[in-house]
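A quick write-up on the structure given underneath.
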Amino acid sequence: MAEAVANVARRINATVEDGSDCLDLSNCKLISFPDGVFKVLRSVSENIHIITLADNEMKSISGKFFATFTQLRELDVQGNVLTKLPDAVGEMEHLTSINLANNKFSIFPAKLTEIPTLERINLEGNFITEIPMEILSAMPALKWINIKWNPLDKDTLSAVQSPHNFDILSTDEA
C-alpha cells in the first residue's frame, strides 16, 4: 500500500514539475481518484489535457473530477470496475476521446451524447445491451465507437448494420 501511494505521489510530482499536460496514474491500485490530488494539482489542472487511470480498481469517478479537469481532451479509464459516470461528464467542452473499455457498464452512459467535441468512444468489453444509435448519429464530432464484446440486443445489432456518419467497431455475429 505504501509503495502504491509513493508511486502516485511520484507521478503527480513529475506532472507538476515538468509542466506536463498528461497525468498517468495507470496501474496504481486506485479504488477512486485520490482527494489529495485535487489539492496538489489545483494550480495546474487547467493545463492537464490527458489523464490515464487505466488498469486500477476504480468503482466510480466523482463529479468533482470533471469539474476540476475542465480542459481534459482525453480520458482513459479502461480496465477498472466502473458501472456509471457522473452527470458532470456531459459538461466536458473539450473532451475528444474517452476509453471505457473493460469495465462493468451495463447501460450506455447517456451523458456522453451531450459532449459536442467527443470524437471517439471505446466501450469494448462491457455488459451493454442497448446503444442509442440515433442519438449517436446526431453527435456533431463523433467519428468512431467501439462496442465489441458487449451483449447487444437484436434491435441494437440491427441498428449497427445501418449506415452511419461514424465508424462502428462491433463483434461480428457469425
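Please note that chains go A, B, ... in the order of the C-alpha cells, that every chain numbers its residues from 1, and that ligands are numbered from 1 in the order shown.
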
For Leu157 in chain A, find every residue with an atom within 12 Å (counting only C-alpha atoms), except residues of its own chain fewer than 5 positions away, and show them as a PyMOL selection string. chain A and resi 128-133+147-148+150-152+162+168-173

Using only C-alpha atoms, which protein or nucleic acid residues come within 12 Å of His49 in chain A? Drop anything in the same chain fewer than 5 positions from it, and give the result as a ChimeraX atom specification. /A:15,19-24,44,66,68-76,92-97

Writer output for current selection, C-alpha atoms, as a PDB file, in the first residue's frame:
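part_16.pdb, written as the output of this step:
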```pdb
ATOM      1  CA  THR A  15       3.487  16.083 -13.857  1.00  0.00           C
ATOM      2  CA  GLY A  19       4.569  21.198 -16.582  1.00  0.00           C
ATOM      3  CA  SER A  20       3.185  18.204 -18.447  1.00  0.00           C
ATOM      4  CA  ASP A  21      -0.293  18.182 -19.971  1.00  0.00           C
ATOM      5  CA  CYS A  22      -0.568  14.460 -19.214  1.00  0.00           C
ATOM      6  CA  LEU A  23      -1.258  12.710 -15.909  1.00  0.00           C
ATOM      7  CA  ASP A  24      -0.692   8.946 -15.929  1.00  0.00           C
ATOM      8  CA  VAL A  44      -2.088  23.223 -12.939  1.00  0.00           C
ATOM      9  CA  PHE A  66     -14.761  16.538 -14.198  1.00  0.00           C
ATOM     10  CA  THR A  68     -11.575  20.129 -11.763  1.00  0.00           C
ATOM     11  CA  PHE A  69     -10.136  18.983 -15.096  1.00  0.00           C
ATOM     12  CA  THR A  70     -12.286  21.172 -17.351  1.00  0.00           C
ATOM     13  CA  GLN A  71      -9.714  21.287 -20.179  1.00  0.00           C
ATOM     14  CA  LEU A  72      -9.494  17.489 -20.461  1.00  0.00           C
ATOM     15  CA  ARG A  73      -9.212  16.237 -24.060  1.00  0.00           C
ATOM     16  CA  GLU A  74      -8.609  12.516 -23.471  1.00  0.00           C
ATOM     17  CA  LEU A  75      -9.615  10.223 -20.612  1.00  0.00           C
ATOM     18  CA  ASP A  76      -8.562   6.582 -20.368  1.00  0.00           C
ATOM     19  CA  MET A  92     -16.872  18.475 -20.708  1.00  0.00           C
ATOM     20  CA  GLU A  93     -16.492  21.022 -23.510  1.00  0.00           C
ATOM     21  CA  HIS A  94     -13.122  19.838 -24.827  1.00  0.00           C
ATOM     22  CA  LEU A  95     -13.211  16.038 -24.411  1.00  0.00           C
ATOM     23  CA  THR A  96     -12.465  14.302 -27.727  1.00  0.00           C
ATOM     24  CA  SER A  97     -11.741  10.737 -26.585  1.00  0.00           C
TER      25      SER A  97
END
```

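DSSP secondary structure from the backbone places Gly63, Lys64, Phe65, Phe66, Ala67, Thr68, Met133, Glu134, Ile135, Leu136, Ser137 and Lys154 of chain A of range 50-154 of chain A in alpha helix (DSSP H).
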
What's the 12 Å shell around Lys84 in chain A, counting only C-alpha atoms, without same-chain residues fewer than 4 positions away, as a PyMOL selection string? chain A and resi 58-63+77+80+88-89+100+103-112+123+126-128

Would you mind reading off the distance between CA of Phe65 in chain A and CA of Asp35 in chain A, one decimal, in Å? 9.3 Å

DSSP-assigned strand (DSSP E or B) among range 67-147 of chain A, expressed as a list in words: Glu74, Leu75, Asp76, Ser97, Ile98, Asn99, Arg120, Ile121, Asn122, Trp144, Ile145 and Asn146 of chain A

Prev. selection, N, CA, C and O atoms, output as a CSV table (one decimal), in the first residue's frame:
```csv
chain,number,residue,atom,x,y,z
A,74,GLU,N,-8.6,14.0,-23.4
A,74,GLU,CA,-8.6,12.5,-23.5
A,74,GLU,C,-8.6,11.9,-22.1
A,74,GLU,O,-7.9,12.4,-21.2
A,75,LEU,N,-9.5,10.9,-21.9
A,75,LEU,CA,-9.6,10.2,-20.6
A,75,LEU,C,-9.6,8.7,-20.9
A,75,LEU,O,-10.4,8.2,-21.7
A,76,ASP,N,-8.7,8.0,-20.2
A,76,ASP,CA,-8.6,6.6,-20.4
A,76,ASP,C,-8.8,5.9,-19.0
A,76,ASP,O,-7.9,6.1,-18.1
A,97,SER,N,-11.9,12.2,-26.6
A,97,SER,CA,-11.7,10.7,-26.6
A,97,SER,C,-11.9,10.2,-25.2
A,97,SER,O,-11.4,10.8,-24.2
A,98,ILE,N,-12.8,9.1,-25.1
A,98,ILE,CA,-12.9,8.5,-23.8
A,98,ILE,C,-12.8,7.0,-24.0
A,98,ILE,O,-13.5,6.4,-24.9
A,99,ASN,N,-12.0,6.4,-23.1
A,99,ASN,CA,-11.8,4.9,-23.2
A,99,ASN,C,-12.4,4.3,-22.0
A,99,ASN,O,-11.8,4.4,-20.9
A,120,ARG,N,-14.3,10.0,-30.2
A,120,ARG,CA,-14.0,8.6,-30.0
A,120,ARG,C,-14.5,8.1,-28.7
A,120,ARG,O,-14.2,8.6,-27.6
A,121,ILE,N,-15.3,7.0,-28.7
A,121,ILE,CA,-15.9,6.3,-27.5
A,121,ILE,C,-15.5,4.9,-27.6
A,121,ILE,O,-15.9,4.2,-28.6
A,122,ASN,N,-14.8,4.4,-26.6
A,122,ASN,CA,-14.4,3.0,-26.6
A,122,ASN,C,-15.2,2.3,-25.4
A,122,ASN,O,-14.9,2.6,-24.2
A,144,TRP,N,-16.0,7.7,-34.3
A,144,TRP,CA,-15.6,6.3,-34.0
A,144,TRP,C,-16.2,5.8,-32.7
A,144,TRP,O,-16.1,6.5,-31.7
A,145,ILE,N,-16.8,4.6,-32.7
A,145,ILE,CA,-17.2,4.0,-31.4
A,145,ILE,C,-16.9,2.5,-31.5
A,145,ILE,O,-17.1,1.9,-32.5
A,146,ASN,N,-16.4,2.0,-30.4
A,146,ASN,CA,-16.0,0.6,-30.3
A,146,ASN,C,-17.0,-0.1,-29.3
A,146,ASN,O,-17.0,0.3,-28.1
```

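When only C-alpha atoms are used to compute distances to Leu82 in chain A, the closest of the residues A:Glu57, A:Ala141, A:Pro116, A:Ala2 turns out to be A:Glu57.
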